[in-house]
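Student: Here it is: the structure, laid out below.
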Amino acid sequence: MKAAISLKNLPKFTFRKGIHPPEYKSYAEHQAIEVLPTPDTVRIPLLQHLGAPAKVSIEPRAAVKVGDIIAESGGFISTNLHASVSGKTAREGIITLPNGRRVTTIPIKADPEQELEGDALKQAFLGGDWNVNLDEIDASSISKAALQAGIVGMGGAAFPSHVKLMRNDDRPITDLIINGCECEPFLTADHRLMLESPQSILAGALIARHATGATRISICIEDNKPDAIQTMIHAIGDRDIDVKIMRSKYPQGGEKSLVMAALGKAIPTGGLPLDVGVVVLNVGTVASLARMVLRGMPLTHRIVTVTGPGVVHPKNLLVPIGTDFETVLQYCGGLKEEAARIIAGGPMMGFSVTDLSTPVTKGTSGITVLTAKELNAAATTACVRCGLCVDTCPLDLVPTKLAMAARYKHLEVLQRYHVDACMECGCCAYQCPANIPLVQLIRAGKIYNRTHS
Ligand code: SF4
Ligand code: SF4
């Protein structure tokens, strides 16, 4: 065992505003990643990324192997989809995702025997040698490999990664930030990945730097994960990669908060990290990139944290994309009697789920089950004009104005106050003493703006 490095005197980075909700990480943070047994059937939604849905490229009743492409990118901001089990495809169906989008799915009935399962799958996914020889990798091929593999942002946003990995000489990239903050309460999938497969993250970071031409890499981890910080520092050794310790605060992992905290660079309203020469990729995303480039494995599975006081045995699971929530929860012992709400993701940015046939998608970082104790059931009252929502918004927006404009459909006000810039982090609603559903209203305002302008 290598000696621990003293973290006490290392600088800690943070951003203005934000909140400190209780972390609740203890439910699953010590649960090593387990492989979910292959389910009988998966249903793979054609839209599980930002942008256009993928286009089906396979007939019903076709035999598929894990990793076969079943739908191809439907536009520049879109990506490929793959079979996550070996088996036979069935006729397409329609489902409603937790965010309310109705999408087509491709069902696959799994064969009783799978080529890669259990420990062998875990080893292929996380273990073994991750040495990378960049001299043998054409930098311009990496973005294409990410598209081929269907890689998206694994932190929840699901933005297609090939777009971020394209080199553009008119817009040079100076910094690559690897996001290991995992600031949502309860979620621990990224934490476990850093502990159990740091070398896959490093390999992916080096590959991403090669693709983007960035000169610096910073791996950013919140200070509530000292074991992950130690593990990553040891794994890096003498490579020129920084580990930056971020103060535990929500939403530290939001791209704008993170770029400001780690580099002191402000992203303009409505802009992207690219506008200030930065690419931000989640730890799970770069590990996926390494799996594709070094092992030819597309994005067919993801690590999902199943957690909260309402689930019998919280776990971190490696799950085939398209597995329904019910199967995942049953493997974790099912729901406790006092379970009151099931959330896809964490409680701050996740969506409530009422139908357990909802499938795990590339963006499903967790399934959180809360009891009435954690839910704020207090009634909504009138705005008391306390200004707490404004004081807490990390993007300096005016949530109370946005919510009001959304309620009364004032398009001009929505635009004047930059409704589209809201990242739906939920800080404003968390602070509001009147329990006004600010995020739901602002989300509706964003949709109204999109459809009426
Ligand atoms: S307005 Fe949007 S970005 Fe600002 S705190 Fe509320 S949800 Fe977060
Ligand atoms: S926090 Fe709630 S009560 Fe206070 S100003 Fe904002 S909307 Fe009004």
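Residue numbering restarts at 1 for every chain of the structure tokens, chains are lettered A, B, ... in their displayed order, and ligands are numbered from 1 as they appear.
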Using only C-alpha atoms, find each residue in range 342-380 of chain A having at least one atom no more than 6 Å away from range 411-434 of chain A; report its shortest atom-to-atom pair and that distance in Å (one decimal), rows by chain then rising number, as a tab-separated table.
Tutor:
```
residue	atom	partner	partner_atom	distance
A:Met348	CA	A:Gly426	CA	5.7
A:Met349	CA	A:Cys425	CA	5.8
A:Thr380	CA	A:Ala434	CA	5.6
```
Student: For ligand 2, list the contacting residues at 12 Å or closer, counting only C-alpha atoms and all ligand atoms, as a PyMOL selection string.
Tutor: chain A and resi 380-393+397-404+426-439+441-442
Student: Please write the residues from the selection above to a file, keeping N, CA, C and O atoms, as a short mmCIF file (atom, residue, chain, number, x, y, z; two decimals), in the first residue's frame.
Tutor:
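The result, written out as part37.cif:
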```
data_model
loop_
_atom_site.label_atom_id
_atom_site.label_comp_id
_atom_site.auth_asym_id
_atom_site.auth_seq_id
_atom_site.Cartn_x
_atom_site.Cartn_y
_atom_site.Cartn_z
N THR A 380 -46.90 25.43 -0.90
CA THR A 380 -46.36 26.63 -1.56
C THR A 380 -47.13 27.85 -1.08
O THR A 380 -48.36 27.82 -0.95
N THR A 381 -46.39 28.91 -0.78
CA THR A 381 -47.05 30.18 -0.40
C THR A 381 -46.59 31.27 -1.37
O THR A 381 -45.82 30.98 -2.30
N ALA A 382 -47.05 32.49 -1.14
CA ALA A 382 -46.66 33.58 -2.05
C ALA A 382 -45.20 33.96 -1.83
O ALA A 382 -44.66 33.77 -0.74
N CYS A 383 -44.59 34.48 -2.87
CA CYS A 383 -43.19 34.94 -2.79
C CYS A 383 -43.08 36.03 -1.73
O CYS A 383 -43.89 36.97 -1.72
N VAL A 384 -42.12 35.88 -0.84
CA VAL A 384 -41.96 36.89 0.22
C VAL A 384 -40.86 37.90 -0.14
O VAL A 384 -40.46 38.71 0.67
N ARG A 385 -40.37 37.81 -1.36
CA ARG A 385 -39.35 38.74 -1.88
C ARG A 385 -38.11 38.80 -0.99
O ARG A 385 -37.56 39.85 -0.73
N CYS A 386 -37.70 37.63 -0.50
CA CYS A 386 -36.53 37.57 0.37
C CYS A 386 -35.23 37.67 -0.44
O CYS A 386 -34.18 38.01 0.09
N GLY A 387 -35.30 37.33 -1.73
CA GLY A 387 -34.10 37.43 -2.58
C GLY A 387 -33.14 36.27 -2.44
O GLY A 387 -32.07 36.27 -3.05
N LEU A 388 -33.50 35.25 -1.62
CA LEU A 388 -32.57 34.12 -1.42
C LEU A 388 -32.27 33.39 -2.73
O LEU A 388 -31.16 32.92 -2.96
N CYS A 389 -33.28 33.30 -3.60
CA CYS A 389 -33.07 32.58 -4.87
C CYS A 389 -32.05 33.32 -5.73
O CYS A 389 -31.22 32.69 -6.40
N VAL A 390 -32.08 34.64 -5.69
CA VAL A 390 -31.13 35.43 -6.47
C VAL A 390 -29.74 35.30 -5.85
O VAL A 390 -28.74 35.12 -6.56
N ASP A 391 -29.69 35.35 -4.52
CA ASP A 391 -28.40 35.27 -3.84
C ASP A 391 -27.70 33.94 -4.06
O ASP A 391 -26.48 33.84 -3.90
N THR A 392 -28.46 32.91 -4.37
CA THR A 392 -27.87 31.57 -4.42
C THR A 392 -27.57 31.10 -5.84
O THR A 392 -26.80 30.15 -6.04
N CYS A 393 -28.13 31.76 -6.86
CA CYS A 393 -27.97 31.25 -8.24
C CYS A 393 -26.51 31.38 -8.70
O CYS A 393 -25.98 32.50 -8.79
N LEU A 397 -28.48 34.54 -12.29
CA LEU A 397 -29.78 34.78 -12.91
C LEU A 397 -30.75 35.32 -11.85
O LEU A 397 -30.39 35.40 -10.66
N VAL A 398 -31.95 35.68 -12.28
CA VAL A 398 -32.96 36.18 -11.34
C VAL A 398 -34.13 35.20 -11.37
O VAL A 398 -35.11 35.38 -12.09
N PRO A 399 -34.01 34.11 -10.60
CA PRO A 399 -35.00 33.02 -10.70
C PRO A 399 -36.44 33.48 -10.48
O PRO A 399 -37.36 33.01 -11.15
N THR A 400 -36.64 34.41 -9.55
CA THR A 400 -38.01 34.83 -9.24
C THR A 400 -38.66 35.49 -10.46
O THR A 400 -39.82 35.26 -10.78
N LYS A 401 -37.89 36.31 -11.18
CA LYS A 401 -38.41 36.96 -12.41
C LYS A 401 -38.67 35.91 -13.49
O LYS A 401 -39.68 35.96 -14.19
N LEU A 402 -37.74 34.97 -13.62
CA LEU A 402 -37.88 33.95 -14.66
C LEU A 402 -39.12 33.09 -14.40
O LEU A 402 -39.88 32.78 -15.32
N ALA A 403 -39.31 32.72 -13.12
CA ALA A 403 -40.45 31.87 -12.79
C ALA A 403 -41.76 32.61 -13.05
O ALA A 403 -42.72 32.05 -13.59
N MET A 404 -41.78 33.88 -12.68
CA MET A 404 -42.99 34.70 -12.90
C MET A 404 -43.27 34.83 -14.40
O MET A 404 -44.41 34.67 -14.86
N GLY A 426 -31.31 23.72 -9.52
CA GLY A 426 -32.23 23.59 -8.40
C GLY A 426 -31.81 24.33 -7.14
O GLY A 426 -32.51 24.26 -6.12
N CYS A 427 -30.70 25.08 -7.17
CA CYS A 427 -30.26 25.80 -5.96
C CYS A 427 -31.34 26.79 -5.50
O CYS A 427 -31.60 26.93 -4.30
N CYS A 428 -31.95 27.49 -6.46
CA CYS A 428 -32.93 28.52 -6.10
C CYS A 428 -34.13 27.89 -5.39
O CYS A 428 -34.57 28.39 -4.35
N ALA A 429 -34.63 26.79 -5.95
CA ALA A 429 -35.81 26.14 -5.35
C ALA A 429 -35.47 25.58 -3.97
O ALA A 429 -36.29 25.61 -3.05
N TYR A 430 -34.26 25.06 -3.83
CA TYR A 430 -33.82 24.49 -2.55
C TYR A 430 -33.87 25.56 -1.45
O TYR A 430 -34.25 25.28 -0.31
N GLN A 431 -33.53 26.80 -1.79
CA GLN A 431 -33.46 27.87 -0.80
C GLN A 431 -34.80 28.55 -0.55
O GLN A 431 -34.96 29.21 0.47
N CYS A 432 -35.73 28.42 -1.47
CA CYS A 432 -36.95 29.24 -1.42
C CYS A 432 -37.81 28.93 -0.20
O CYS A 432 -38.35 27.82 -0.08
N PRO A 433 -38.01 29.87 0.73
CA PRO A 433 -38.82 29.60 1.92
C PRO A 433 -40.31 29.47 1.59
O PRO A 433 -41.08 28.97 2.40
N ALA A 434 -40.71 29.94 0.41
CA ALA A 434 -42.13 29.85 0.02
C ALA A 434 -42.42 28.56 -0.75
O ALA A 434 -43.55 28.35 -1.19
N ASN A 435 -41.39 27.71 -0.91
CA ASN A 435 -41.56 26.42 -1.63
C ASN A 435 -42.13 26.59 -3.03
O ASN A 435 -42.92 25.76 -3.50
N ILE A 436 -41.76 27.67 -3.68
CA ILE A 436 -42.23 27.88 -5.06
C ILE A 436 -41.44 26.94 -5.97
O ILE A 436 -40.21 26.86 -5.86
N PRO A 437 -42.12 26.19 -6.84
CA PRO A 437 -41.40 25.23 -7.70
C PRO A 437 -40.64 25.96 -8.82
O PRO A 437 -40.99 25.89 -9.99
N LEU A 438 -39.61 26.69 -8.41
CA LEU A 438 -38.92 27.60 -9.35
C LEU A 438 -38.36 26.85 -10.56
O LEU A 438 -38.48 27.30 -11.70
N VAL A 439 -37.75 25.68 -10.33
CA VAL A 439 -37.10 24.99 -11.45
C VAL A 439 -38.14 24.48 -12.44
O VAL A 439 -37.96 24.63 -13.66
N LEU A 441 -41.03 25.74 -13.05
CA LEU A 441 -41.54 26.89 -13.79
C LEU A 441 -40.52 27.35 -14.83
O LEU A 441 -40.86 27.62 -15.99
N ILE A 442 -39.25 27.43 -14.43
CA ILE A 442 -38.23 27.91 -15.36
C ILE A 442 -38.06 26.91 -16.52
O ILE A 442 -37.90 27.29 -17.68
#
```
Student: Interatomic distance between CA of Gly270 in chain A and atom 3 (S, counted along the ligand's line) of ligand 1?
Tutor: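 Distance between the two atoms: 11.7 Å.
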Student: Run DSSP on the backbone and grab whatever in range 276-424 of chain A lands in strand (DSSP E); send it over as an MDAnalysis selection string.
Tutor: chainID A and resid 278:282 301:307 315:320 339:344 351:353 366:371
Student: Might you pull out every residue within 9 Å of range 185-201 of chain A, with only C-alpha atoms counted and same-chain residues fewer than 6 positions away left off, and present them as a ChimeraX atom specification?
Tutor: /A:21-33,125-127,129-131,155,178,221,225,227-229,231-232,235-236,250,282-291,303-308,316-317,345-348,365-368
Student: So that I can check the secondary structure, give me every residue of range 154-214 of chain A assigned alpha helix (DSSP H) by backbone DSSP, as number ranges by chain.
Tutor: A: 161-164, 189-196, 198-212
Student: Give me the residues near range 165-176 of chain A as a PyMOL selection string, where near means some atom within 6 Å (using only C-alpha atoms) and where sequence neighbours in that chain fewer than 2 positions away do not count.
Tutor: chain A and resi 143+162-163+211-212+214-217+277-280
Student: May I have the residues within 12 Å of Gln330 in chain A as a JSON list (two decimals) with C-alpha atoms, in the first residue's frame, using only C-alpha atoms and disregarding those fewer than 3 positions away in the same chain?
Tutor:
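Wrote it out as result-v4.json, contents follow:
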```
[["chain", "number", "residue", "atom", "x", "y", "z"],
["A", 36, "LEU", "CA", -26.02, -6.67, -12.80],
["A", 37, "PRO", "CA", -26.94, -10.12, -14.16],
["A", 39, "PRO", "CA", -31.79, -8.99, -17.84],
["A", 306, "VAL", "CA", -28.86, 2.71, -6.66],
["A", 311, "VAL", "CA", -33.95, 1.00, -1.19],
["A", 312, "VAL", "CA", -33.09, -2.21, 0.72],
["A", 313, "HIS", "CA", -29.44, -2.69, -0.39],
["A", 314, "PRO", "CA", -27.87, 0.41, -1.96],
["A", 315, "LYS", "CA", -25.26, -0.51, -4.58],
["A", 323, "THR", "CA", -32.48, -2.36, -18.46],
["A", 324, "ASP", "CA", -35.69, -1.30, -16.72],
["A", 325, "PHE", "CA", -35.59, 0.33, -13.28],
["A", 326, "GLU", "CA", -37.66, -2.49, -11.77],
["A", 327, "THR", "CA", -35.02, -5.12, -12.60],
["A", 333, "GLY", "CA", -33.50, -6.06, -2.64],
["A", 334, "GLY", "CA", -36.42, -3.91, -3.82],
["A", 335, "LEU", "CA", -38.06, -0.90, -2.22],
["A", 336, "LYS", "CA", -38.62, -0.44, 1.51],
["A", 356, "LEU", "CA", -40.66, 1.31, -13.19]]
```
Student: Using only C-alpha atoms, determine which residues lie at most 9 Å from Lys122 in chain A, disregarding the query and same-chain residues fewer than 5 positions distant; provide the list as a list of chain:residue names.
Tutor: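 Close residues of Lys122 in chain A: A:Ile33, A:Glu34, A:Val35, A:Leu116, A:Glu117, A:Gly127, A:Leu318.
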Student: Smallest atom-to-atom distance to Ala208 in chain A: which of A:Cys220, A:Ala158, A:Val132, A:Val259, using only C-alpha atoms?
Tutor: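 Nearest candidate to Ala208 in chain A out of A:Cys220, A:Ala158, A:Val132, A:Val259: A:Val132.
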